[in-house]
$ cat entry-v4.txt   # compact mmCIF, C-alpha atoms
# COMPACT_ATOMS: atom_id res chain seq x y z
CA MET D 1 13.31 28.01 -3.39
CA LEU D 2 11.33 31.17 -3.84
CA ILE D 3 8.85 30.02 -6.44
CA ALA D 4 5.10 30.08 -5.99
CA THR D 5 3.94 26.55 -5.50
CA LEU D 6 0.63 24.82 -5.10
CA GLY D 7 -0.59 24.73 -1.52
CA THR D 8 0.18 21.65 0.49
CA GLY D 9 -3.47 21.30 1.42
CA TYR D 10 -4.33 20.03 -2.04
CA TYR D 11 -1.79 17.26 -1.82
CA LEU D 12 -3.05 16.34 1.64
CA ALA D 13 -6.61 16.19 0.35
CA LEU D 14 -5.51 13.87 -2.44
CA SER D 15 -3.62 11.77 0.08
CA ALA D 16 -6.70 11.54 2.30
CA ALA D 17 -8.95 10.57 -0.60
CA LEU D 18 -6.55 7.88 -1.74
CA PHE D 19 -6.19 6.54 1.79
CA ILE D 20 -9.95 6.37 2.32
CA THR D 21 -10.39 4.59 -1.00
CA GLY D 22 -7.77 2.03 -0.02
CA MET D 23 -9.35 1.56 3.39
CA VAL D 24 -12.84 0.97 2.01
CA GLY D 25 -11.44 -1.42 -0.58
CA LEU D 26 -9.58 -3.36 2.10
CA LEU D 27 -12.74 -3.76 4.13
CA VAL D 28 -14.96 -4.76 1.23
CA ARG D 29 -12.89 -7.01 -1.00
CA ARG D 30 -12.23 -10.64 -0.17
CA ASN D 31 -9.62 -11.65 -2.73
CA PRO D 32 -6.35 -11.58 -0.77
CA LEU D 33 -4.40 -10.13 -3.68
CA VAL D 34 -6.82 -7.25 -4.15
CA MET D 35 -6.69 -6.64 -0.40
CA PHE D 36 -2.92 -6.35 -0.74
CA MET D 37 -3.36 -3.85 -3.54
CA CYS D 38 -5.59 -1.74 -1.31
CA VAL D 39 -2.85 -1.75 1.32
CA GLU D 40 -0.47 -0.49 -1.37
CA LEU D 41 -2.93 2.31 -2.13
CA MET D 42 -2.87 3.38 1.50
CA LEU D 43 0.92 3.31 1.59
CA ASN D 44 1.08 5.46 -1.52
CA ALA D 45 -1.32 7.95 0.05
CA VAL D 46 0.99 8.30 3.02
CA ASN D 47 3.96 8.70 0.68
CA ILE D 48 2.28 11.61 -1.06
CA SER D 49 1.67 13.40 2.24
CA PHE D 50 5.25 12.74 3.39
CA VAL D 51 6.73 14.29 0.26
CA ALA D 52 4.26 17.20 0.35
CA PHE D 53 5.26 18.08 3.88
CA GLY D 54 8.92 17.63 3.04
CA ARG D 55 8.62 20.06 0.19
CA GLU D 56 6.77 22.62 2.24
CA LEU D 57 9.13 22.54 5.19
CA GLY D 58 12.22 22.33 3.02
CA HIS D 59 13.31 19.23 4.92
CA LEU D 60 14.64 16.11 3.26
CA GLY D 61 13.26 13.91 6.02
CA GLY D 62 10.02 13.55 4.08
CA GLN D 63 11.73 12.01 1.10
CA VAL D 64 13.91 9.79 3.26
CA SER D 65 10.80 8.52 5.04
CA VAL D 66 9.23 7.69 1.68
CA PHE D 67 12.38 5.82 0.74
CA PHE D 68 12.05 3.62 3.80
CA VAL D 69 8.30 3.16 3.35
CA LEU D 70 9.01 1.94 -0.17
CA VAL D 71 11.56 -0.57 1.07
CA VAL D 72 9.27 -1.87 3.79
CA ALA D 73 6.34 -2.11 1.37
CA ALA D 74 8.42 -4.17 -1.03
CA ALA D 75 9.52 -6.53 1.73
CA GLU D 76 5.95 -6.82 3.00
CA VAL D 77 4.58 -7.65 -0.42
CA VAL D 78 7.20 -10.33 -0.93
CA VAL D 79 6.52 -12.06 2.36
CA GLY D 80 2.74 -11.65 2.13
CA LEU D 81 2.55 -13.12 -1.33
CA ALA D 82 4.79 -15.99 -0.27
CA ILE D 83 2.32 -16.72 2.54
CA ILE D 84 -0.60 -16.58 0.12
CA VAL D 85 1.18 -18.92 -2.29
CA ALA D 86 1.92 -21.34 0.53
CA ILE D 87 -1.70 -21.34 1.71
CA MET D 88 -3.29 -21.49 -1.73
CA ARG D 89 -1.08 -24.36 -2.75
CA ARG D 90 -2.23 -26.32 0.27
CA ARG D 91 -5.92 -25.60 -0.20
CA PRO D 92 -6.70 -24.60 -3.77
CA GLY D 93 -10.09 -23.12 -3.03
CA ALA D 94 -9.19 -21.01 -0.04
CA SER D 95 -10.25 -17.41 0.40
CA VAL D 96 -9.49 -14.97 3.16
CA ASP D 97 -12.53 -16.22 5.03
CA ASP D 98 -11.01 -19.68 5.25
CA MET D 99 -7.79 -18.24 6.55
CA ALA D 100 -9.63 -17.18 9.67
CA VAL D 101 -9.61 -20.77 10.90
CA LEU D 102 -5.94 -21.39 10.14
CA ARG D 103 -4.82 -20.53 13.63
CA GLY D 104 -3.35 -22.38 16.55
CA MET U 1 1.36 24.72 -14.37
CA GLU U 2 1.83 22.77 -11.23
CA ALA U 3 -1.88 23.02 -10.54
CA VAL U 4 -2.74 21.65 -13.97
CA VAL U 5 -0.42 18.69 -13.53
CA PHE U 6 -1.80 18.14 -10.06
CA ALA U 7 -5.40 18.12 -11.32
CA LEU U 8 -4.61 15.63 -14.07
CA CYS U 9 -2.65 13.36 -11.76
CA ALA U 10 -5.34 13.51 -9.10
CA ALA U 11 -7.87 12.36 -11.68
CA ILE U 12 -5.62 9.51 -12.79
CA ILE U 13 -4.85 8.47 -9.23
CA MET U 14 -8.45 8.46 -8.05
CA GLY U 15 -9.60 6.72 -11.22
CA GLY U 16 -7.02 4.01 -10.71
CA ALA U 17 -7.87 3.68 -7.02
CA LEU U 18 -11.57 3.29 -7.78
CA GLY U 19 -10.62 0.74 -10.40
CA VAL U 20 -8.65 -1.26 -7.84
CA ILE U 21 -11.56 -1.49 -5.44
CA LEU U 22 -14.31 -1.90 -8.02
CA PHE U 23 -12.94 -4.32 -10.62
CA THR U 24 -13.92 -7.88 -9.82
CA ASN U 25 -11.15 -9.37 -11.95
CA PRO U 26 -7.84 -9.15 -10.05
CA VAL U 27 -5.85 -8.61 -13.23
CA HIS U 28 -7.88 -5.52 -14.06
CA ALA U 29 -7.38 -4.33 -10.50
CA ALA U 30 -3.61 -4.77 -10.85
CA LEU U 31 -3.59 -2.70 -14.04
CA SER U 32 -5.58 0.04 -12.32
CA LEU U 33 -3.00 -0.05 -9.57
CA VAL U 34 -0.29 0.58 -12.15
CA ALA U 35 -2.19 3.67 -13.34
CA THR U 36 -2.39 4.93 -9.77
CA LEU U 37 1.31 4.33 -9.17
CA PHE U 38 2.25 6.25 -12.30
CA GLY U 39 0.04 9.10 -11.17
CA VAL U 40 1.77 9.12 -7.79
CA ALA U 41 5.16 9.19 -9.52
CA VAL U 42 4.17 12.29 -11.47
CA ILE U 43 2.94 13.87 -8.22
CA PHE U 44 6.39 13.21 -6.79
CA ILE U 45 7.93 15.05 -9.72
CA ASN U 46 5.51 17.88 -9.05
CA LEU U 47 6.80 17.97 -5.48
CA GLU U 48 10.43 18.10 -6.62
CA ALA U 49 11.21 14.59 -5.41
CA TYR U 50 12.79 13.40 -8.64
CA PHE U 51 14.69 10.43 -7.31
CA LEU U 52 11.61 9.14 -5.54
CA ALA U 53 9.57 9.40 -8.70
CA ALA U 54 12.05 7.20 -10.53
CA VAL U 55 12.24 4.75 -7.64
CA GLN U 56 8.44 4.65 -7.46
CA VAL U 57 8.17 3.63 -11.10
CA ILE U 58 10.98 1.12 -10.94
CA VAL U 59 10.16 -0.51 -7.60
CA TYR U 60 6.40 -0.18 -7.25
CA ALA U 61 5.10 -0.30 -10.80
CA GLY U 62 7.97 -2.30 -12.17
CA ALA U 63 8.55 -4.90 -9.50
CA ILE U 64 5.76 -5.08 -6.94
CA VAL U 65 2.88 -5.10 -9.42
CA VAL U 66 4.76 -7.58 -11.59
CA VAL U 67 5.08 -9.89 -8.58
CA PHE U 68 1.34 -9.45 -8.01
CA LEU U 69 0.63 -10.50 -11.55
CA PHE U 70 2.99 -13.45 -11.27
CA VAL U 71 1.11 -14.71 -8.23
CA ILE U 72 -2.27 -14.09 -9.85
CA MET U 73 -1.30 -16.07 -12.89
CA LEU U 74 0.52 -18.75 -10.91
CA LEU U 75 -2.35 -19.47 -8.57
CA GLY U 76 -5.10 -19.05 -11.10
CA VAL U 77 -7.07 -16.74 -8.85
CA ASP U 78 -8.04 -14.62 -11.80
CA ARG U 79 -11.61 -15.77 -11.61
CA ALA U 80 -13.97 -12.90 -11.07
CA GLU U 81 -14.75 -12.42 -7.43
CA ASN U 82 -18.27 -12.53 -6.14
CA VAL U 83 -18.67 -9.13 -4.55
CA GLN U 84 -22.22 -9.80 -3.44
CA ALA U 85 -21.21 -12.12 -0.66
CA GLU U 86 -20.12 -10.88 2.70
CA PRO U 87 -18.99 -13.13 5.56
CA ILE U 88 -20.08 -10.66 8.22
CA VAL U 89 -23.61 -9.32 8.00
CA GLY U 90 -23.64 -5.71 6.84
CA GLN U 91 -19.91 -5.62 6.15
CA ARG U 92 -20.16 -3.64 2.95
CA SER U 93 -22.53 -1.11 4.45
CA LEU U 94 -20.33 -0.67 7.48
CA ALA U 95 -17.27 -0.21 5.30
CA LEU U 96 -19.00 2.44 3.21
CA LEU U 97 -20.20 4.10 6.39
CA ALA U 98 -16.66 4.17 7.76
CA GLY U 99 -15.39 5.63 4.50
CA ALA U 100 -18.10 8.28 4.44
CA GLY U 101 -17.30 9.12 8.06
CA MET U 102 -13.65 9.63 7.26
CA VAL U 103 -14.51 11.79 4.27
CA ALA U 104 -16.72 13.90 6.53
CA ILE U 105 -13.89 14.25 9.04
CA ALA U 106 -11.49 15.30 6.31
CA ILE U 107 -13.90 17.90 4.99
CA LEU U 108 -14.57 19.21 8.49
CA VAL U 109 -10.84 19.55 9.13
CA GLY U 110 -10.39 21.34 5.83
CA ILE U 111 -13.14 23.79 6.68
CA SER U 112 -11.94 24.40 10.22
CA VAL U 113 -8.38 25.30 9.21
CA GLY U 114 -9.70 27.54 6.48
CA GLY U 115 -7.64 26.06 3.69
CA ASN U 116 -4.29 26.45 5.44
CA ALA U 117 -3.96 22.79 6.09
CA THR U 118 -0.52 22.64 7.59
CA GLY U 119 -0.72 25.54 10.02
CA GLN U 120 2.31 27.23 8.56
CA LYS U 121 2.01 30.95 8.26
CA VAL U 122 1.53 31.76 4.62
CA SER U 123 2.35 35.19 3.33
CA PRO U 124 -0.09 36.93 0.98
CA SER U 125 2.17 36.21 -1.94
CA GLY U 126 1.90 32.50 -1.30
CA ILE U 127 5.63 32.05 -1.32
CA PRO U 128 6.74 29.72 1.44
CA GLY U 129 9.32 31.23 3.74
CA ASP U 130 8.36 34.81 3.05
CA ALA U 131 6.21 35.18 6.14
CA ASP U 132 6.24 36.96 9.47
CA ILE U 133 7.81 34.05 11.21
CA ALA U 134 10.65 32.50 9.33
CA ILE U 135 10.12 28.85 8.75
CA GLN U 136 13.60 28.14 9.98
CA ASP U 137 12.52 29.28 13.42
CA ILE U 138 9.75 26.74 13.56
CA LEU U 139 11.64 23.93 11.94
CA ILE U 140 13.58 21.27 13.67
CA GLU U 141 17.14 21.41 12.51
CA GLY U 142 17.91 19.04 9.76
CA PRO U 143 18.97 18.72 6.17
CA ALA U 144 17.44 21.29 3.91
CA ILE U 145 16.46 21.19 0.30
CA ASN U 146 18.52 23.71 -1.67
CA ASP U 147 19.50 25.63 1.41
CA ALA U 148 20.56 28.99 0.03
CA GLY U 149 24.11 29.88 0.92
CA GLY U 150 24.84 26.61 2.68
CA ALA U 151 28.51 25.85 2.73
CA LEU U 152 30.19 22.58 3.34
CA VAL U 153 32.73 24.12 5.71
CA ASP U 154 31.66 25.95 8.81
CA PRO U 155 33.32 29.35 8.56
CA GLU U 156 33.68 29.75 12.33
CA THR U 157 35.25 26.51 13.33
CA GLY U 158 36.51 25.29 10.00
CA GLU U 159 34.87 21.92 10.47
CA LEU U 160 33.10 20.05 7.79
CA GLU U 161 29.34 20.39 8.02
CA THR U 162 27.66 17.31 6.80
CA GLU U 163 24.11 18.35 7.56
CA VAL U 164 23.82 21.36 5.36
CA VAL U 165 23.38 20.57 1.72
CA ALA U 166 24.93 22.97 -0.73
CA GLU U 167 22.64 24.91 -2.96
CA GLY U 168 22.24 23.60 -6.43
CA ASP U 169 22.90 19.98 -5.58
CA SER U 170 20.75 17.56 -7.43
CA ASN U 171 18.03 15.79 -5.56
CA VAL U 172 19.86 12.47 -5.77
CA LYS U 173 23.01 13.97 -4.33
CA GLN U 174 21.19 15.63 -1.47
CA LEU U 175 19.28 12.48 -0.68
CA ALA U 176 22.40 10.36 -0.81
CA ARG U 177 24.31 12.72 1.43
CA VAL U 178 21.52 12.69 4.01
CA LEU U 179 20.84 8.98 3.76
CA PHE U 180 24.41 7.95 4.41
CA THR U 181 25.07 10.37 7.25
CA ASP U 182 21.96 11.15 9.26
CA TYR U 183 19.93 8.06 8.47
CA VAL U 184 22.62 5.47 7.95
CA PHE U 185 21.45 3.32 10.84
CA ALA U 186 17.95 3.02 9.44
CA PHE U 187 19.49 2.32 6.05
CA GLU U 188 21.46 -0.62 7.40
CA ILE U 189 18.38 -1.92 9.23
CA THR U 190 16.40 -1.90 6.01
CA ALA U 191 19.17 -3.84 4.32
CA ILE U 192 18.80 -6.49 7.00
CA LEU U 193 15.02 -6.34 6.59
CA LEU U 194 15.28 -7.05 2.88
CA THR U 195 17.57 -9.99 3.51
CA ILE U 196 15.13 -11.41 6.04
CA ALA U 197 12.26 -10.93 3.61
CA VAL U 198 14.07 -12.81 0.86
CA VAL U 199 14.96 -15.69 3.17
CA GLY U 200 11.41 -15.80 4.50
CA ALA U 201 9.90 -15.84 1.03
CA VAL U 202 12.14 -18.69 -0.08
CA VAL U 203 11.31 -20.70 3.04
CA LEU U 204 7.57 -20.09 2.74
CA ALA U 205 7.18 -20.78 -0.92
CA ARG U 206 9.16 -23.99 -1.31
CA LYS U 207 7.41 -27.29 -1.55
CA PRO U 208 7.29 -29.02 1.80
CA ARG U 209 9.07 -32.32 2.19
CA GLY U 210 7.23 -35.38 3.39
CA GLU U 211 3.59 -35.92 3.99
CA LEU U 212 1.33 -33.00 4.65
CA GLN U 213 -0.57 -33.45 7.86
CA ASP U 214 -4.23 -32.65 7.82
CA LEU U 215 -5.28 -29.65 9.81
CA PRO U 216 -7.15 -30.54 12.98
CA GLU U 217 -10.90 -30.06 13.06
CA MET U 218 -11.83 -26.80 14.69
CA ASP U 219 -15.02 -25.10 15.68
CA LEU U 220 -15.81 -22.39 13.21
CA PRO U 221 -16.58 -18.92 14.55
CA VAL U 222 -20.25 -18.17 15.05
CA ASN U 223 -20.47 -15.54 12.33
CA TYR U 224 -18.68 -17.63 9.76
CA ARG U 225 -21.31 -19.31 7.69
CA PRO U 226 -20.20 -20.81 4.39
CA GLU U 227 -23.71 -20.46 2.99
CA ARG U 228 -23.30 -16.71 3.22
CA LEU U 229 -20.63 -16.88 0.58
CA LEU U 230 -23.14 -18.25 -1.89
CA VAL U 231 -25.38 -15.18 -1.96
CA GLY U 232 -25.79 -14.09 -5.54
CA ALA U 233 -23.41 -16.72 -6.89
CA SER U 234 -24.10 -18.40 -10.17
CA ALA U 235 -24.73 -22.10 -10.37
CA GLU U 236 -21.25 -23.02 -11.47
CA ALA U 237 -19.68 -20.82 -8.80
CA ARG U 238 -21.92 -22.51 -6.25
CA ALA U 239 -20.86 -25.94 -7.43
CA GLU U 240 -17.26 -24.87 -7.45
CA ILE U 241 -17.40 -23.56 -3.90
CA LEU U 242 -19.26 -26.53 -2.53
CA GLY U 243 -17.43 -29.14 -4.59
CA SER U 244 -20.63 -30.89 -5.51
CA ASP U 245 -22.79 -30.71 -8.58
CA ASP U 246 -25.80 -32.33 -7.02
CA PRO U 247 -28.55 -29.71 -7.09
CA ASP U 248 -30.61 -31.52 -4.47
CA ASP U 249 -27.91 -31.35 -1.85
CA PRO U 250 -26.99 -27.70 -1.36
CA ASP U 251 -24.29 -28.40 1.18
CA GLY U 252 -22.55 -30.92 -0.99
CA GLY U 253 -22.68 -33.46 1.79
CA ALA U 254 -20.10 -31.58 3.87
CA ASP U 255 -20.43 -29.25 6.80
CA ASP U 256 -17.79 -26.72 5.77
CA GLU U 257 -15.64 -25.92 2.81
CA SER U 258 -12.38 -27.21 4.18
CA ASP U 259 -13.39 -30.84 3.89
CA THR U 260 -14.36 -30.57 0.25
CA SER U 261 -11.14 -28.74 -0.58
CA ASP U 262 -9.08 -31.43 1.08
CA ASN U 263 -10.99 -34.10 -0.76
CA ALA U 264 -10.29 -32.37 -4.04
CA ALA U 265 -6.59 -32.10 -3.18
CA GLU U 266 -6.38 -35.74 -2.21
CA GLU U 267 -8.04 -36.83 -5.40
CA ASP U 268 -5.42 -35.02 -7.38
CA ALA U 269 -2.53 -36.41 -5.37
$ encode --input "entry-v4.txt" --output "structure tokens"
Amino acid sequence: MLIATLGTGYYLALSAALFITGMVGLLVRRNPLVMFMCVELMLNAVNISFVAFGRELGHLGGQVSVFFVLVVAAAEVVVGLAIIVAIMRRRPGASVDDMAVLRG
Amino acid sequence: MEAVVFALCAAIIMGGALGVILFTNPVHAALSLVATLFGVAVIFINLEAYFLAAVQVIVYAGAIVVVFLFVIMLLGVDRAENVQAEPIVGQRSLALLAGAGMVAIAILVGISVGGNATGQKVSPSGIPGDADIAIQDILIEGPAINDAGGALVDPETGELETEVVAEGDSNVKQLARVLFTDYVFAFEITAILLTIAVVGAVVLARKPRGELQDLPEMDLPVNYRPERLLVGASAEARAEILGSDDPDDPDGGADDESDTSDNAAEEDA
């Protein structure tokens, strides 16, 4: 693999920028579906950094980790959206602020 | 060439990400997310992870975002969100401050390492591996991408080596060989995880049998004020949130939103 490649630092910077964008979006938005999308942004940022490191070190563990992150993200989205559907069906006007009192 | 593709994809990714957090309509946000996911898939191709790029498009953009859109359309939450309101005082400012702080940290780290972000010794030619210290000396042992000269049979003992991947194998083949030997336990666990997720989703989303019991009355947290959600809202949004179209009674005759929502649900039943 002796070809000149772009430095890993660029990919890490992109990953950091994407992660920060997702984090700020998660903290600001109140629609639960958009909050989920911001979580997906953060997961994708981590995936980019995993694959970048895997390519630099010549180790397949980076890509395998991304594989598992993808699987877990899919499972999490399925269960999370099922929860949102269950709550929204019960109270049609609920937002994430209402869900704060659904405890106990 | 890789740098050009990277620059284009970075622009697409950041544009999509800003679209996700800035669009008030959730459907527009979902479409921006699709743009971001496609950009990430092309970045994967740039990084020689071809299988992952395909899986990213198929699973993320093709399944997860579609499920998002299903739920958006099913629940009818595609009304534009009121981004002016904040349940905690100063939440938006604090979030932007936290984001700016993290950006500052990232820039400081980038400056302090002098552009060599990963600490690996980089030779003047920029070719990885052609440095004073061989990367193999620093690496933990493990499966390698296109390991030059790797053989499947250990010449000394004659045993089959399953860790070393032969040179010239496709990315899918390498990944499959590693996944089913070194990481097979995690693979089986994720299979169980997916089964649990499917069962959980079916259980959560089915219609409950029998009467729904009302939730017990609870004391709301001190910083949770429903009136705060009305900041900047239009008149119809205000009426919709409060469940009352009487302009003289701003609270709609109820102390919190949950009562009006339950009343609306019971009227429909």
$ closest_residue --input "entry-v4.txt" --among "D:Val66, D:Val71, D:Val77, D:Cys38" --to "Met23 (chain D)" --atoms "all atoms listed in the file"
D:Cys38
$ closest_residue --input "entry-v4.txt" --among "U:Ala30, U:Ala95, U:Lys207, U:Ile58" --to "Val71 (chain U)" --atoms "all atoms listed in the file"
U:Ala30
$ closest_residue --input "entry-v4.txt" --among "U:Leu175, U:Thr24, U:Ser170, U:Gly16" --to "Asn31 (chain D)" --atoms "all atoms listed in the file"
U:Thr24
$ closest_residue --input "entry-v4.txt" --among "U:Phe44, U:Phe68, U:Phe6, U:Phe38" --to "Pro32 (chain D)" --atoms "only C-alpha atoms"
U:Phe68
$ residues_around --input "entry-v4.txt" --residues "Met37 (chain D)" --least-positions-apart "2" --cutoff "8 Å" --atoms "only C-alpha atoms" --output "list in words"
Leu33, Val34, Met35, Val39, Glu40 and Leu41 of chain D; Val20, Ala30 and Leu33 of chain U
$ residues_around --input "entry-v4.txt" --residues "Ala82 (chain D)" --least-positions-apart "2" --cutoff "9 Å" --atoms "all atoms listed in the file" --output "PyMOL selection string"
(chain D and resi 77-80+84-87) or (chain U and resi 71+200-205)
$ closest_residue --input "entry-v4.txt" --among "D:Ser15, D:Ile20, D:Met42, D:Phe50" --to "chain U" --atoms "only C-alpha atoms"
D:Ile20
$ closest_residue --input "entry-v4.txt" --among "U:Val198, U:Leu52, U:Leu75, U:Val66" --to "Val69 (chain D)" --atoms "all atoms listed in the file"
U:Leu52
$ interface_residues --input "entry-v4.txt" --of "chain D" --to "chain U" --cutoff "6 Å" --atoms "all atoms listed in the file" --output "list in words"
Ala4, Gly9, Ile20, Val24, Gly25, Leu27, Val28, Gly58, His59, Leu60, Ala75, Val79, Ala82 and Ala86 of chain D
$ atom_distance --input "entry-v4.txt" --atom1 "CA of Leu14 (chain D)" --atom2 "CA of Gly90 (chain U)"
28.3 Å
$ atom_distance --input "entry-v4.txt" --atom1 "CA of Val42 (chain U)" --atom2 "CA of His28 (chain U)"
21.7 Å
$ atom_distance --input "entry-v4.txt" --atom1 "CA of Gly15 (chain U)" --atom2 "CA of Val64 (chain D)"
27.8 Å
